[in-house]
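Peer 1: Here you go, this is start_20.cif (mmCIF, C-alpha atoms).
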```cif
data_start
loop_
_atom_site.label_atom_id
_atom_site.label_comp_id
_atom_site.auth_asym_id
_atom_site.auth_seq_id
_atom_site.Cartn_x
_atom_site.Cartn_y
_atom_site.Cartn_z
CA MET A 4 -13.92 -21.15 62.52
CA SER A 5 -17.17 -22.84 63.55
CA GLU A 6 -18.73 -22.37 66.98
CA THR A 7 -17.60 -25.82 68.13
CA GLN A 8 -14.02 -25.07 67.05
CA ARG A 9 -13.52 -22.03 69.24
CA ARG A 10 -10.06 -21.98 70.77
CA ASN A 11 -11.25 -22.23 74.38
CA GLY A 12 -13.72 -25.03 73.74
CA VAL A 13 -17.36 -25.64 74.65
CA MET A 14 -19.06 -25.33 78.02
CA ARG A 15 -22.53 -26.78 78.64
CA GLY A 16 -24.51 -24.91 81.28
CA ALA A 17 -27.66 -25.96 83.17
CA PHE A 18 -29.64 -23.32 85.06
CA GLU A 19 -33.08 -23.17 86.63
CA THR A 20 -35.95 -21.47 84.82
CA THR A 21 -36.71 -19.49 88.00
CA GLY A 22 -33.12 -18.58 88.90
CA SER A 23 -31.37 -15.25 88.45
CA CYS A 24 -28.49 -16.86 86.54
CA ARG A 25 -30.73 -17.05 83.49
CA LEU A 26 -30.64 -13.24 83.33
CA VAL A 27 -26.84 -13.26 83.21
CA MET A 28 -26.85 -16.00 80.57
CA TYR A 29 -29.21 -13.93 78.43
CA VAL A 30 -26.77 -11.03 78.54
CA ILE A 31 -23.75 -13.21 77.79
CA LYS A 32 -25.47 -14.60 74.69
CA LYS A 33 -26.97 -11.26 73.61
CA LEU A 34 -23.58 -9.55 73.71
CA GLU A 35 -21.86 -12.66 72.31
CA LEU A 36 -19.42 -12.59 75.20
CA ASP A 37 -18.67 -16.28 74.79
CA ALA A 38 -17.57 -15.62 71.21
CA LYS A 39 -15.57 -12.59 72.39
CA HIS A 40 -13.63 -14.87 74.74
CA ASP A 41 -13.35 -17.63 72.14
CA PHE A 42 -15.54 -20.35 73.66
CA LEU A 43 -19.09 -21.59 73.14
CA LEU A 44 -21.55 -21.44 76.03
CA ASP A 45 -24.32 -23.97 75.35
CA ILE A 46 -27.14 -23.23 77.80
CA HIS A 47 -30.00 -25.49 78.85
CA TYR A 48 -32.70 -24.69 81.38
CA VAL A 49 -34.11 -27.19 83.86
CA LYS A 50 -37.16 -27.27 86.08
CA ASP A 51 -37.21 -25.82 89.57
CA GLU A 52 -37.57 -29.05 91.51
CA ILE A 53 -35.80 -31.35 93.95
CA GLN A 54 -34.78 -34.84 92.82
CA ARG A 55 -33.19 -37.36 95.17
CA SER A 56 -32.72 -34.53 97.72
CA LEU A 57 -30.78 -32.55 95.10
CA GLU A 58 -31.65 -29.57 92.92
CA SER A 59 -32.25 -30.41 89.26
CA VAL A 60 -29.00 -28.70 88.27
CA GLU A 61 -27.05 -30.80 90.77
CA VAL A 62 -28.49 -33.96 89.26
CA ALA A 63 -27.53 -32.76 85.77
CA LEU A 64 -23.94 -32.11 86.89
CA GLN A 65 -23.64 -35.48 88.61
CA GLU A 66 -25.01 -37.27 85.55
CA GLY A 67 -22.53 -35.50 83.29
CA SER A 68 -25.10 -33.79 81.06
CA THR A 69 -23.73 -30.35 81.93
CA ASP A 70 -20.38 -28.76 82.77
CA ILE A 71 -21.40 -25.75 84.87
CA ILE A 72 -24.15 -24.97 87.37
CA SER A 73 -24.66 -22.45 90.17
CA ILE A 74 -25.26 -23.76 93.69
CA ASP A 75 -24.20 -22.76 97.19
CA TRP A 76 -20.81 -23.80 98.51
CA ILE A 77 -22.32 -25.66 101.47
CA SER A 78 -23.95 -27.99 98.93
CA VAL A 79 -20.63 -28.39 97.13
CA ALA A 80 -18.96 -29.34 100.42
CA ARG A 81 -21.77 -31.79 101.24
CA GLU A 82 -21.51 -33.49 97.88
CA ARG A 83 -17.72 -33.76 98.03
CA ALA A 84 -18.02 -35.25 101.51
CA HIS A 85 -20.17 -37.95 99.90
CA GLY A 86 -17.56 -38.62 97.23
CA ILE A 87 -19.07 -36.58 94.39
CA PRO A 88 -16.13 -35.00 92.47
CA ILE A 89 -17.35 -31.43 91.90
CA THR A 90 -15.59 -28.16 92.63
CA ALA A 91 -16.44 -24.44 92.85
CA GLY A 92 -14.16 -22.18 90.84
CA VAL A 93 -15.99 -18.93 90.02
CA PRO A 94 -18.15 -16.83 92.39
CA TYR A 95 -21.69 -15.75 91.62
CA GLY A 96 -22.70 -13.74 94.67
CA ARG A 97 -24.47 -13.28 97.99
CA THR A 98 -27.59 -14.79 96.50
CA ILE A 99 -29.41 -15.55 99.71
CA GLY A 100 -33.09 -14.92 100.27
CA GLY A 101 -35.41 -13.83 103.00
CA ILE A 102 -38.41 -14.62 105.16
CA VAL A 103 -41.70 -13.57 103.59
CA VAL A 104 -45.07 -13.41 105.37
CA PRO A 105 -48.58 -12.16 104.58
CA LYS A 106 -48.84 -8.40 105.02
CA ASP A 107 -51.08 -8.70 108.12
CA SER A 108 -49.01 -11.45 109.78
CA SER A 109 -48.04 -11.13 113.43
CA ILE A 110 -44.51 -12.29 112.55
CA GLN A 111 -42.16 -9.31 112.84
CA SER A 112 -38.77 -10.94 113.46
CA LEU A 113 -36.98 -14.24 114.00
CA GLU A 114 -38.19 -14.22 117.60
CA ASP A 115 -41.74 -14.81 116.37
CA LEU A 116 -41.01 -18.08 114.53
CA PRO A 117 -41.60 -20.59 117.38
CA GLY A 118 -44.94 -22.33 116.98
CA LYS A 119 -45.38 -21.19 113.37
CA ARG A 120 -45.64 -23.19 110.14
CA ILE A 121 -42.53 -22.28 108.14
CA GLY A 122 -42.08 -23.22 104.51
CA VAL A 123 -38.66 -23.97 103.05
CA VAL A 124 -37.58 -25.33 99.69
CA ARG A 125 -35.63 -28.03 101.53
CA LYS A 126 -34.21 -28.33 105.01
CA VAL A 127 -30.60 -28.27 103.79
CA ASP A 128 -31.16 -25.03 101.88
CA LYS A 129 -28.68 -22.25 102.69
CA ASN A 130 -31.48 -19.89 103.73
CA TRP A 131 -32.76 -22.33 106.36
CA ILE A 132 -29.23 -23.08 107.57
CA LEU A 133 -28.57 -19.36 108.11
CA THR A 134 -31.94 -18.88 109.80
CA ARG A 135 -31.37 -21.76 112.21
CA ALA A 136 -27.85 -20.61 113.05
CA ALA A 137 -28.96 -17.00 113.64
CA CYS A 138 -31.88 -18.08 115.84
CA ILE A 139 -29.68 -20.41 117.89
CA LYS A 140 -26.92 -17.84 118.36
CA ARG A 141 -28.99 -14.69 118.87
CA TYR A 142 -32.18 -15.93 120.50
CA GLY A 143 -31.29 -19.33 121.95
CA PHE A 144 -33.82 -21.47 120.10
CA ASP A 145 -33.72 -23.78 117.08
CA PRO A 146 -36.73 -23.20 114.80
CA GLN A 147 -36.26 -26.70 113.41
CA ARG A 148 -37.44 -27.94 116.81
CA GLU A 149 -39.73 -25.12 117.94
CA ALA A 150 -41.67 -24.57 114.71
CA THR A 151 -43.31 -26.81 112.11
CA VAL A 152 -41.03 -26.90 109.08
CA ILE A 153 -42.59 -27.86 105.75
CA GLU A 154 -40.45 -28.70 102.71
CA ALA A 155 -42.03 -27.53 99.45
CA LEU A 156 -39.33 -29.14 97.25
CA SER A 157 -39.41 -26.29 94.72
CA LYS A 158 -39.43 -22.51 94.83
CA SER A 159 -42.68 -22.22 92.90
CA LYS A 160 -44.39 -24.73 95.18
CA LEU A 161 -43.15 -22.77 98.19
CA THR A 162 -44.79 -19.61 96.85
CA HIS A 163 -48.00 -21.59 96.28
CA ARG A 164 -47.98 -22.86 99.87
CA LEU A 165 -47.61 -19.29 101.12
CA GLU A 166 -50.43 -18.09 98.89
CA THR A 167 -52.79 -20.85 100.04
CA GLY A 168 -51.96 -20.36 103.72
CA ASP A 169 -50.39 -23.79 104.15
CA VAL A 170 -47.41 -22.00 105.69
CA GLU A 171 -47.35 -18.82 107.76
CA ALA A 172 -43.87 -17.80 106.63
CA ALA A 173 -41.71 -18.78 103.67
CA LEU A 174 -37.93 -18.76 103.30
CA GLN A 175 -37.97 -17.81 99.65
CA PHE A 176 -35.08 -17.23 97.29
CA TRP A 177 -34.20 -13.56 96.83
CA GLN A 178 -35.28 -13.08 93.20
CA LEU A 179 -38.81 -14.34 93.91
CA ILE A 180 -39.45 -11.96 96.81
CA PRO A 181 -39.91 -8.66 94.89
CA PRO A 182 -42.91 -10.01 92.92
CA LEU A 183 -44.55 -11.09 96.19
CA GLU A 184 -43.92 -7.67 97.71
CA ALA A 185 -45.15 -5.92 94.57
CA SER A 186 -48.48 -7.74 94.86
CA GLY A 187 -49.15 -5.76 98.04
CA LYS A 188 -50.13 -8.94 99.86
CA TYR A 189 -46.77 -9.91 101.36
CA ARG A 190 -43.78 -8.33 103.08
CA GLN A 191 -40.23 -9.41 103.79
CA VAL A 192 -39.54 -9.76 107.50
CA VAL A 193 -35.85 -10.64 107.31
CA ASP A 194 -33.28 -10.33 104.54
CA MET A 195 -30.73 -13.11 105.08
CA ILE A 196 -27.93 -10.63 104.33
CA ASP A 197 -28.85 -8.78 107.53
CA LEU A 198 -28.21 -11.95 109.56
CA LEU A 199 -24.60 -12.32 108.44
CA PRO A 200 -23.06 -9.88 110.96
CA TYR A 201 -24.55 -11.97 113.79
CA LEU A 202 -22.58 -14.90 112.37
CA GLY A 203 -19.30 -13.02 112.22
CA VAL A 204 -19.40 -12.02 108.54
CA GLN A 205 -18.04 -8.52 108.11
CA LYS A 206 -17.00 -8.72 104.45
CA MET A 207 -18.81 -9.55 101.23
CA ILE A 208 -18.52 -13.25 100.49
CA PRO A 209 -20.29 -15.39 97.90
CA PHE A 210 -22.86 -18.02 98.76
CA SER A 211 -23.71 -19.15 95.26
CA VAL A 212 -20.75 -20.34 93.21
CA PHE A 213 -20.33 -21.61 89.68
CA THR A 214 -19.52 -25.26 90.09
CA PHE A 215 -17.97 -27.81 87.75
CA ARG A 216 -17.24 -31.49 87.51
CA GLU A 217 -13.67 -31.91 88.73
CA GLU A 218 -12.77 -33.72 85.52
CA PHE A 219 -13.89 -30.70 83.49
CA ALA A 220 -12.07 -28.23 85.76
CA LYS A 221 -8.82 -30.15 85.38
CA GLY A 222 -9.24 -30.93 81.69
CA GLN A 223 -10.56 -27.60 80.42
CA PRO A 224 -9.35 -24.85 82.78
CA GLN A 225 -9.00 -22.49 79.80
CA THR A 226 -12.74 -22.83 79.11
CA ILE A 227 -13.58 -21.90 82.70
CA ARG A 228 -11.23 -18.92 82.60
CA ALA A 229 -12.88 -17.77 79.38
CA TYR A 230 -16.28 -18.16 81.03
CA ALA A 231 -15.11 -16.17 84.08
CA ARG A 232 -14.06 -13.31 81.79
CA ALA A 233 -17.40 -13.40 79.96
CA PHE A 234 -19.26 -13.44 83.28
CA ALA A 235 -17.25 -10.46 84.56
CA ASP A 236 -18.05 -8.54 81.37
CA ALA A 237 -21.77 -9.33 81.76
CA VAL A 238 -21.74 -8.23 85.41
CA ASP A 239 -20.08 -4.95 84.51
CA TYR A 240 -22.64 -4.32 81.77
CA MET A 241 -25.63 -5.21 83.95
CA LYS A 242 -24.40 -3.00 86.78
CA LYS A 243 -23.95 0.06 84.59
CA ASN A 244 -26.74 -0.31 82.05
CA ASP A 245 -30.36 0.18 83.10
CA GLU A 246 -31.62 -0.35 79.55
CA ILE A 247 -30.64 -4.03 79.60
CA TRP A 248 -32.96 -4.50 82.56
CA GLU A 249 -35.81 -3.03 80.53
CA GLU A 250 -35.03 -5.63 77.87
CA LEU A 251 -34.83 -8.38 80.50
CA HIS A 252 -38.24 -7.23 81.73
CA GLU A 253 -39.65 -7.67 78.24
CA LYS A 254 -37.85 -10.90 77.33
CA MET A 255 -37.37 -12.79 80.61
CA LEU A 256 -39.52 -11.15 83.30
CA SER A 257 -42.62 -10.14 81.35
CA GLN A 258 -44.97 -11.38 84.08
CA GLU A 259 -43.47 -8.98 86.62
CA THR A 260 -44.36 -5.36 87.35
CA PRO A 261 -41.84 -2.57 86.66
CA GLN A 262 -41.58 -2.12 90.45
CA ALA A 263 -40.63 -5.78 90.94
CA VAL A 264 -38.08 -5.73 88.11
CA GLN A 265 -36.44 -2.61 89.53
CA ALA A 266 -36.17 -4.34 92.93
CA ILE A 267 -34.71 -7.46 91.30
CA ARG A 268 -32.19 -5.26 89.46
CA ASP A 269 -31.11 -3.38 92.59
CA ARG A 270 -30.87 -6.49 94.76
CA TRP A 271 -28.95 -8.37 92.08
CA ARG A 272 -26.46 -5.53 91.80
CA ALA A 273 -25.98 -5.58 95.58
CA ARG A 274 -25.45 -9.34 95.62
CA VAL A 275 -23.37 -10.27 92.57
CA MET A 276 -19.59 -10.45 92.89
CA THR A 277 -16.59 -11.46 90.82
CA THR A 278 -13.81 -11.47 93.44
CA TRP A 279 -12.36 -14.94 94.04
CA ASN A 280 -9.06 -15.10 95.85
CA GLU A 281 -7.45 -16.58 98.96
CA GLU A 282 -9.08 -13.95 101.18
CA THR A 283 -12.49 -14.83 99.73
CA ILE A 284 -12.01 -18.49 100.59
CA ARG A 285 -10.59 -17.66 104.02
CA ASN A 286 -13.71 -15.64 104.86
CA VAL A 287 -15.97 -18.41 103.56
CA ARG A 288 -14.17 -20.89 105.81
CA LEU A 289 -14.56 -18.57 108.80
CA LEU A 290 -18.32 -18.47 108.23
CA PHE A 291 -18.43 -22.25 107.88
CA GLU A 292 -16.60 -22.67 111.19
CA GLU A 293 -19.03 -20.28 112.87
CA LEU A 294 -22.04 -22.13 111.45
CA LEU A 295 -20.52 -25.43 112.57
CA LYS A 296 -19.84 -24.09 116.05
CA VAL A 297 -23.37 -22.73 116.40
CA GLY A 298 -25.39 -25.47 114.73
CA GLY A 299 -23.09 -28.42 114.22
CA LYS A 300 -23.25 -31.07 111.52
CA GLU A 301 -26.96 -31.56 112.18
CA VAL A 302 -27.65 -28.08 110.78
CA LEU A 303 -25.08 -28.06 107.97
CA GLY A 304 -25.23 -31.66 106.84
CA VAL A 305 -21.43 -31.74 106.83
CA ASP A 306 -18.77 -31.17 109.49
CA ARG A 307 -15.89 -29.99 107.29
CA ILE A 308 -15.11 -28.41 103.95
CA PRO A 309 -13.42 -31.26 102.08
CA GLU A 310 -10.22 -30.66 100.17
CA GLY A 311 -10.98 -29.66 96.59
CA THR A 312 -14.29 -27.95 97.37
CA PHE A 313 -12.81 -24.70 96.04
CA SER A 314 -10.53 -24.40 93.01
CA MET A 315 -8.27 -21.40 92.54
CA GLY A 316 -6.70 -20.04 89.38
CA LEU A 317 -9.82 -20.39 87.23
CA THR A 318 -10.80 -16.71 87.19
CA ALA A 319 -7.54 -15.31 85.78
#
```
Could I get this structure in the form of structure tokens?
Peer 2:
Amino acid sequence: MSETQRRNGVMRGAFETTGSCRLVMYVIKKLELDAKHDFLLDIHYVKDEIQRSLESVEVALQEGSTDIISIDWISVARERAHGIPITAGVPYGRTIGGIVVPKDSSIQSLEDLPGKRIGVVRKVDKNWILTRAACIKRYGFDPQREATVIEALSKSKLTHRLETGDVEAALQFWQLIPPLEASGKYRQVVDMIDLLPYLGVQKMIPFSVFTFREEFAKGQPQTIRAYARAFADAVDYMKKNDEIWEELHEKMLSQETPQAVQAIRDRWRARVMTTWNEETIRNVRLLFEELLKVGGKEVLGVDRIPEGTFSMGLTA
């Protein structure tokens, strides 16, 4: 049987060259987990950039050039609210970032953000949404109004703005923070995970979710289920096996120090998750309602989670 004739079909994936998903995809292909579960995962990598206010992977999904991407569920809800038929069906994890500043910065906490130049990838990014909501609820100010917010429109450009001093603090994605810390020039002030209890989150819930075109989810549910099994196998392997991270260092993260790779490994293991059930979705909805209550539609970009945002039964 040829690759394209596998019983569970073909899935085209698009992932960013700077994202952590590429590490999981490497493991899936190395261990031939797609073949094990009788489907073909055809992976393509796209640039880390914003197009038409969307991430490159979102554009690829909308245009139909890919079947699966990883984005946050707030973005999925926003797109569905605008009539884009996509749906989240498999969790990735609590892949939220943190606030990074130069080592000698006076910024020590969220309270120090007013009056500062803050860099974000984009203003609708999940990290900025969480920061705004936490500042509003805990400290009574909205940094969108009391600081200067600068959109970098890519993660790599955000790091560059921090390095050049264009911004005094950067809300960077989690996997790009360890290399900054390892340089000895920067420190993380706030890990977004630590803000979640202030927003009523007491249990582990995903932020990033594997997302599909609705047509694909309805037409090829067996392919998604096969992918979910392959993903779960890869997660189990990456959690238990330190040697694979040494290989990932050599093959995918060669520009990073051993210290940075170890931090990426440990933070990934603490963030990734495979649980996707009614309780998961219920807790996600509770967080959404809290974010809406605190910040409103102006912060979230959407005032409801549209029907169909989440699909169940695709991880069995």
Peer 1: Separation of CA of Thr278 (chain A) and CA of Met241 (chain A), in Å?
Peer 2: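 Pair CA of Thr278 (chain A) / CA of Met241 (chain A) returns 16.4 Å.
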Peer 1: Per residue of region 136-185 of chain A within 6 Å of region 120-130 of chain A, which atom pair is closest and at what distance in Å (one decimal), using all atoms listed in the file, listed by chain and increasing number, as JSON lines?
Peer 2:
```
{"residue": "A:Thr151", "atom": "CA", "partner": "A:Arg120", "partner_atom": "CA", "distance": 4.7}
{"residue": "A:Val152", "atom": "CA", "partner": "A:Ile121", "partner_atom": "CA", "distance": 4.9}
{"residue": "A:Ile153", "atom": "CA", "partner": "A:Gly122", "partner_atom": "CA", "distance": 4.8}
{"residue": "A:Glu154", "atom": "CA", "partner": "A:Arg125", "partner_atom": "CA", "distance": 5.0}
{"residue": "A:Ala155", "atom": "CA", "partner": "A:Val124", "partner_atom": "CA", "distance": 5.0}
{"residue": "A:Leu156", "atom": "CA", "partner": "A:Val124", "partner_atom": "CA", "distance": 4.9}
{"residue": "A:Ser157", "atom": "CA", "partner": "A:Val124", "partner_atom": "CA", "distance": 5.4}
{"residue": "A:Lys158", "atom": "CA", "partner": "A:Val124", "partner_atom": "CA", "distance": 5.9}
{"residue": "A:Val170", "atom": "CA", "partner": "A:Arg120", "partner_atom": "CA", "distance": 4.9}
{"residue": "A:Glu171", "atom": "CA", "partner": "A:Arg120", "partner_atom": "CA", "distance": 5.3}
{"residue": "A:Ala172", "atom": "CA", "partner": "A:Ile121", "partner_atom": "CA", "distance": 4.9}
{"residue": "A:Ala173", "atom": "CA", "partner": "A:Gly122", "partner_atom": "CA", "distance": 4.5}
{"residue": "A:Leu174", "atom": "CA", "partner": "A:Val123", "partner_atom": "CA", "distance": 5.3}
```
Peer 1: Need the shell around Ile196 (chain A): protein/DNA/RNA residues with any atom at most 9 Å away, counting only C-alpha atoms. Skip same-chain ones fewer than 4 positions apart. Format as a PyMOL selection string?
Peer 2: chain A and resi 97-101+200
Peer 1: For Pro209 (chain A), list every protein, DNA or RNA residue within 7 Å, evaluated using all atoms listed in the file, and leave out those in the same chain fewer than 5 positions away; present the list as a PyMOL selection string.
Peer 2: chain A and resi 94-97
Peer 1: Could you dump the residues just selected with C-alpha atoms as an mmCIF file, in the coordinates of the input?
Peer 2:
```
data_model
loop_
_atom_site.group_PDB
_atom_site.id
_atom_site.type_symbol
_atom_site.label_atom_id
_atom_site.label_comp_id
_atom_site.auth_asym_id
_atom_site.auth_seq_id
_atom_site.Cartn_x
_atom_site.Cartn_y
_atom_site.Cartn_z
ATOM 1 C CA PRO A 94 -18.150 -16.830 92.390
ATOM 2 C CA TYR A 95 -21.690 -15.750 91.620
ATOM 3 C CA GLY A 96 -22.700 -13.740 94.670
ATOM 4 C CA ARG A 97 -24.470 -13.280 97.990
#
```
Peer 1: Once the PyMOL selection byres ((chain A and resi 247-257) around 10) is applied to the coordinates I shared, what remains selected? I want it as a ChimeraX atom specification.
Peer 2: /A:20-21,25-27,29-30,240-246,258-261,263-265,267-268
Peer 1: Give me the residues near region 140-144 of chain A as a PyMOL selection string, where near means some atom within 8 Å (using all atoms listed in the file) and where sequence neighbours in that chain fewer than 2 positions away do not count.
Peer 2: chain A and resi 114+136-138+146+149+201-202+297
Peer 1: Please report the interatomic distance between CA of Val275 (chain A) and CA of Gly311 (chain A) in Å with one decimal.
Peer 2: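 Distance reported for this atom pair: 23.4 Å.
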Peer 1: What does the distance between CA of Ser59 (chain A) and CA of Lys160 (chain A) come to in Å, to one decimal place?
Peer 2: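 Distance between the two atoms: 14.7 Å.
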Peer 1: Excluding same-chain residues fewer than 6 positions from Arg9 (chain A), what lies within 12 Å of it counting only C-alpha atoms, as a ChimeraX atom specification?
Peer 2: /A:37-44,225-226,229
Peer 1: Could you write those residues out with C-alpha atoms, as an mmCIF file, in the coordinates of the input?
Peer 2:
```
data_model
loop_
_atom_site.group_PDB
_atom_site.id
_atom_site.type_symbol
_atom_site.label_atom_id
_atom_site.label_comp_id
_atom_site.auth_asym_id
_atom_site.auth_seq_id
_atom_site.Cartn_x
_atom_site.Cartn_y
_atom_site.Cartn_z
ATOM 1 C CA ASP A 37 -18.670 -16.280 74.790
ATOM 2 C CA ALA A 38 -17.570 -15.620 71.210
ATOM 3 C CA LYS A 39 -15.570 -12.590 72.390
ATOM 4 C CA HIS A 40 -13.630 -14.870 74.740
ATOM 5 C CA ASP A 41 -13.350 -17.630 72.140
ATOM 6 C CA PHE A 42 -15.540 -20.350 73.660
ATOM 7 C CA LEU A 43 -19.090 -21.590 73.140
ATOM 8 C CA LEU A 44 -21.550 -21.440 76.030
ATOM 9 C CA GLN A 225 -9.000 -22.490 79.800
ATOM 10 C CA THR A 226 -12.740 -22.830 79.110
ATOM 11 C CA ALA A 229 -12.880 -17.770 79.380
#
```
Peer 1: Lys188 (chain A): which residues within 12 Å, counting only C-alpha atoms, same-chain residues fewer than 5 positions away excluded, as a list in words?
Peer 2: Val103, Val104, Pro105, Lys106, Asp107, Ser108, Leu165, Glu166, Ile180, Pro181, Pro182 and Leu183 of chain A
Peer 1: Choose the residue, out of A:Gly203, A:Gly316, A:Pro224, A:Gly187, that has the smallest atom-to-atom separation from Phe291 (chain A); count all atoms listed in the file.
Peer 2: A:Gly203
Peer 1: Any chance you could resolve the PyMOL selection byres ((chain A and resi 192) around 6) against this file and give the residues as a ChimeraX atom specification?
Peer 2: /A:102-103,111,191,193
